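Novice: Here it is: the structure, laid out below.
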Amino acid sequence: MSPEEKLNVDLSFLKKEMKKVEFGPDTLVIEQYSLGDSFYFIESGRVEVWKYLDETKQEILVIGDLNAGDYFGEISLIDSAPRTVNITTKEKSTLYTLTRVDFHRLIQTSPEMTLTLLKLLTARIRNAEQRENQVLIQKNKELRLQNETLEMMVKERTAKLTQSLKIIQEDLETAKTIQRNILPLGLRHIAHLDFASKFEPMAEVGGDIFDVIRLEKSKIRLFLADAIGHGVQAALITMAIKAEYDHIKHNVSNPSDVLYALNQIFIDRYGKKSNQFTAVIVDLNLEENKLVYSSAGHNEPYVLNQSEILALSESGLMLGLEKDVEYTDNSVPFGLGDRLFMISDGYLEQENEVGNFLGESKLLSSFLTARSLGLSLVDTVNLLMEHFHNFRGKTPMMDDVTILGIGTSFDLGV
């Protein structure tokens, strides 16, 4: 009720009809949703008017305070509807209360008093509506300001995230360039053999690493490793693999000894935590026309000669798991017209749109197609990659894919 209205309201004539009640602070005088039957006049003290915004009682709206001279609960004198607000004392308060029964008795005995009360109640209802509307308008203003602040914070945060993503993308591009530069992707010939390679990581950087060197005039060593995992973490492991392999690749005679040394190095220097990787090493002895290989958990290389496709299936434990693991060397003939293909497991384990794996049978079919078409080594590797992407369709790559191929340039095989 406004000060102007309060000056014209004198409820002293009602006190003799009302009951005096004392309330301590923080006392609930009226409870929202309860049935009311009393009207209150504040002689001294202060109360707070507030309400739940819905029946879940999760959010509240504080309407304001009432002080000495104000009154509340008047609607209950007219009807028996549930209370629409809560009233709580904010300090020790003295109130006078009038019940609905006493009010009805007054109506019957004092028409003049009834008219005065009805005028007061009408003004009170109008004032309550205005008060609540003003509170709601203020709350809406506050919400708009909060929304504007939130929108500004979101814009600033988005700008920072965009900048961070740009930096990360630039870093990934740099890592991608570095990784590709340490791979012999442009190599086409070594000794009198053709060489071809394909490297397609599932992300900007990958966990596959390979190397080709000429140890002696008639000896070529090929190395392919696949770190556990994908992305940046796997790529960092490949950097360590390449660095450690480069230190020993010229000085260790047999593929199995290279794997043994790599395993010892990784266990001693890097531990067993997320540093596991598979690897296969193949030595081509051109004078003796043979191939010597050793594998540490890697999927099979394949030798294609004029009559068959031979899978080099012997394999040992992957690297970085256990110390003092012994690996074995195996040898097969490898001469003019033969070709060797080394492939990472991301190729065979790729799924298509219906969840089927590419698998070895489709790989062997691709080899036979290349042979029937008389494709060169480079074209054969390209065909394998083409068949891979045709198979997966729109399905994302499941892992990094690397294909290495080496063999004679004579038209004697695939």
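Labels for the structure tokens follow display order: chains A, B, ..., residues from 1 in each chain, ligands from 1.
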Excluding same-chain residues fewer than 2 positions from Val47 (chain A), what lies within 8 Å of it counting only C-alpha atoms, as a PyMOL selection string?

Specialist: chain A and resi 45+49+65-67+87-91+93

Novice: When DSSP is applied to the backbone of this structure, which of region 155-303 of chain A are assigned alpha helix (DSSP H)? Write them out as a ChimeraX atom specification.

Specialist: /A:155-181,231-248,255-270

Novice: Write out as a count of residues only all residues of region 170-255 of chain A that DSSP puts in strand (DSSP E or B) for this structure's backbone.

Specialist: 28

Novice: Can you work out which one of A:Ile241, A:Met342, A:Leu145, A:Leu377 has the shortest atom-to-atom distance to Phe199 (chain A), counting only C-alpha atoms?

Specialist: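 The shortest atom-to-atom distance to Phe199 (chain A) comes from A:Met342.
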
Novice: May I ask which of the residues A:Ile60, A:Phe23, A:Arg269, A:Asp400 is the closest one to Ala234 (chain A), counting only C-alpha atoms?

Specialist: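 Ranked by minimum distance to Ala234 (chain A), first place goes to A:Asp400.
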
Novice: For Met397 (chain A), please output as a list in words all residues within 10 Å (counting only C-alpha atoms; exclusion window: fewer than 2 positions along the same chain).

Specialist: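 Final neighbour list, sorted by chain and number: Glu200, Pro201, Met202, Ala203, Gly346, Tyr347, Glu349, Gln350, Glu351, Asn352, Phe388, His389, Arg392, Gly393, Lys394, Thr395, Asp399, Asp400 and Val401 of chain A.
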
Novice: One decimal, Å: what's the distance from CA of Ile213 (chain A) over to CA of Ala196 (chain A), could you say?

Specialist: 13.7 Å

Novice: Distance CA of Pro111 (chain A)-CA of Thr97 (chain A), one decimal place?

Specialist: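 Distance reported for this atom pair: 20.1 Å.
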
Novice: Between A:Glu22, A:Glu17, A:Asp226, A:Glu55, which is the closest to Asp345 (chain A) once you count only C-alpha atoms?

Specialist: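 For Asp345 (chain A), the nearest of the given residues is A:Asp226.
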
Novice: Write out as an NGL selection string each polymer residue whose atoms come within 10 Å of Ile63 (chain A), counting only C-alpha atoms; drop sequence neighbours fewer than 3 positions from it.

Specialist: :A and (48-51 or 60 or 66 or 85-86 or 128 or 131-136)

Novice: Quick one: of A:Leu312, A:Leu222, A:Met398, A:Ile403, who's nearest to Leu383 (chain A), counting only C-alpha atoms?

Specialist: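 Using only C-alpha atoms, the shortest distance to Leu383 (chain A) belongs to A:Ile403.
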
Novice: Just checking: using only C-alpha atoms, which residue out of A:Met385, A:Ile78, A:Val325, A:Leu106 ends up closest to Val258 (chain A)?

Specialist: A:Val325

Novice: For CA of Thr27 (chain A) and CA of Val62 (chain A), quote the distance in Å rounded to one decimal.

Specialist: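 Here the two named atoms are 16.0 Å from each other.
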
Novice: Which neighbours of His298 (chain A) fall inside 7 Å, counting only C-alpha atoms, when residues of the same chain fewer than 4 positions from it are skipped, and could you give them as a compact mmCIF listing (two decimals) with all heavy atoms, in the first residue's frame?

Specialist:
```txt
# COMPACT_ATOMS: atom_id res chain seq x y z
N THR A 278 53.28 -52.42 -32.20
CA THR A 278 53.65 -53.58 -33.01
C THR A 278 54.67 -53.15 -34.04
O THR A 278 54.76 -51.97 -34.39
CB THR A 278 52.42 -54.18 -33.71
OG1 THR A 278 51.92 -53.23 -34.67
CG2 THR A 278 51.33 -54.51 -32.71
N ALA A 279 55.45 -54.09 -34.53
CA ALA A 279 56.47 -53.77 -35.52
C ALA A 279 56.84 -55.01 -36.31
O ALA A 279 56.70 -56.14 -35.81
CB ALA A 279 57.71 -53.17 -34.86
N VAL A 280 57.28 -54.80 -37.52
CA VAL A 280 57.80 -55.89 -38.35
C VAL A 280 59.01 -55.33 -39.11
O VAL A 280 59.01 -54.20 -39.58
CB VAL A 280 56.73 -56.43 -39.31
CG1 VAL A 280 56.21 -55.35 -40.25
CG2 VAL A 280 57.26 -57.62 -40.10
N SER A 315 54.91 -64.55 -35.69
CA SER A 315 54.89 -63.28 -34.98
C SER A 315 55.15 -63.48 -33.50
O SER A 315 54.78 -64.50 -32.92
CB SER A 315 53.54 -62.58 -35.17
OG SER A 315 53.53 -61.32 -34.55
```

Novice: Got a sec: who's within 9 Å of Lys323 (chain A), counting only C-alpha atoms, leaving out chain neighbours fewer than 3 positions off, as a short mmCIF file (atom, residue, chain, number, x, y, z; two decimals) with N, CA, C and O atoms, in the first residue's frame?

Specialist:
```
data_model
loop_
_atom_site.label_atom_id
_atom_site.label_comp_id
_atom_site.auth_asym_id
_atom_site.auth_seq_id
_atom_site.Cartn_x
_atom_site.Cartn_y
_atom_site.Cartn_z
N TYR A 260 64.42 -57.02 -30.44
CA TYR A 260 64.81 -57.25 -29.05
C TYR A 260 65.39 -55.98 -28.44
O TYR A 260 65.03 -55.57 -27.33
N ASN A 263 62.72 -53.29 -27.89
CA ASN A 263 61.88 -53.62 -26.74
C ASN A 263 62.58 -53.28 -25.43
O ASN A 263 61.97 -52.69 -24.52
N GLN A 264 63.85 -53.62 -25.32
CA GLN A 264 64.60 -53.31 -24.11
C GLN A 264 64.67 -51.80 -23.89
O GLN A 264 64.52 -51.31 -22.76
N ILE A 267 61.21 -50.43 -22.69
CA ILE A 267 60.89 -50.81 -21.31
C ILE A 267 61.75 -50.00 -20.34
O ILE A 267 61.26 -49.50 -19.32
N ASP A 268 63.04 -49.85 -20.64
CA ASP A 268 63.95 -49.16 -19.73
C ASP A 268 63.72 -47.65 -19.69
O ASP A 268 63.75 -47.03 -18.62
N LEU A 319 55.90 -54.92 -28.78
CA LEU A 319 56.97 -54.26 -28.05
C LEU A 319 56.42 -53.37 -26.94
O LEU A 319 55.34 -52.79 -27.05
N GLY A 320 57.20 -53.27 -25.86
CA GLY A 320 56.83 -52.40 -24.75
C GLY A 320 56.00 -53.05 -23.68
O GLY A 320 55.56 -52.37 -22.75
#
```

Novice: Contacts of Thr99 (chain A) at 8 Å or less, counting only C-alpha atoms, minus same-chain residues fewer than 4 places along, as an NGL selection string?

Specialist: :A and (37-39 or 77 or 103)
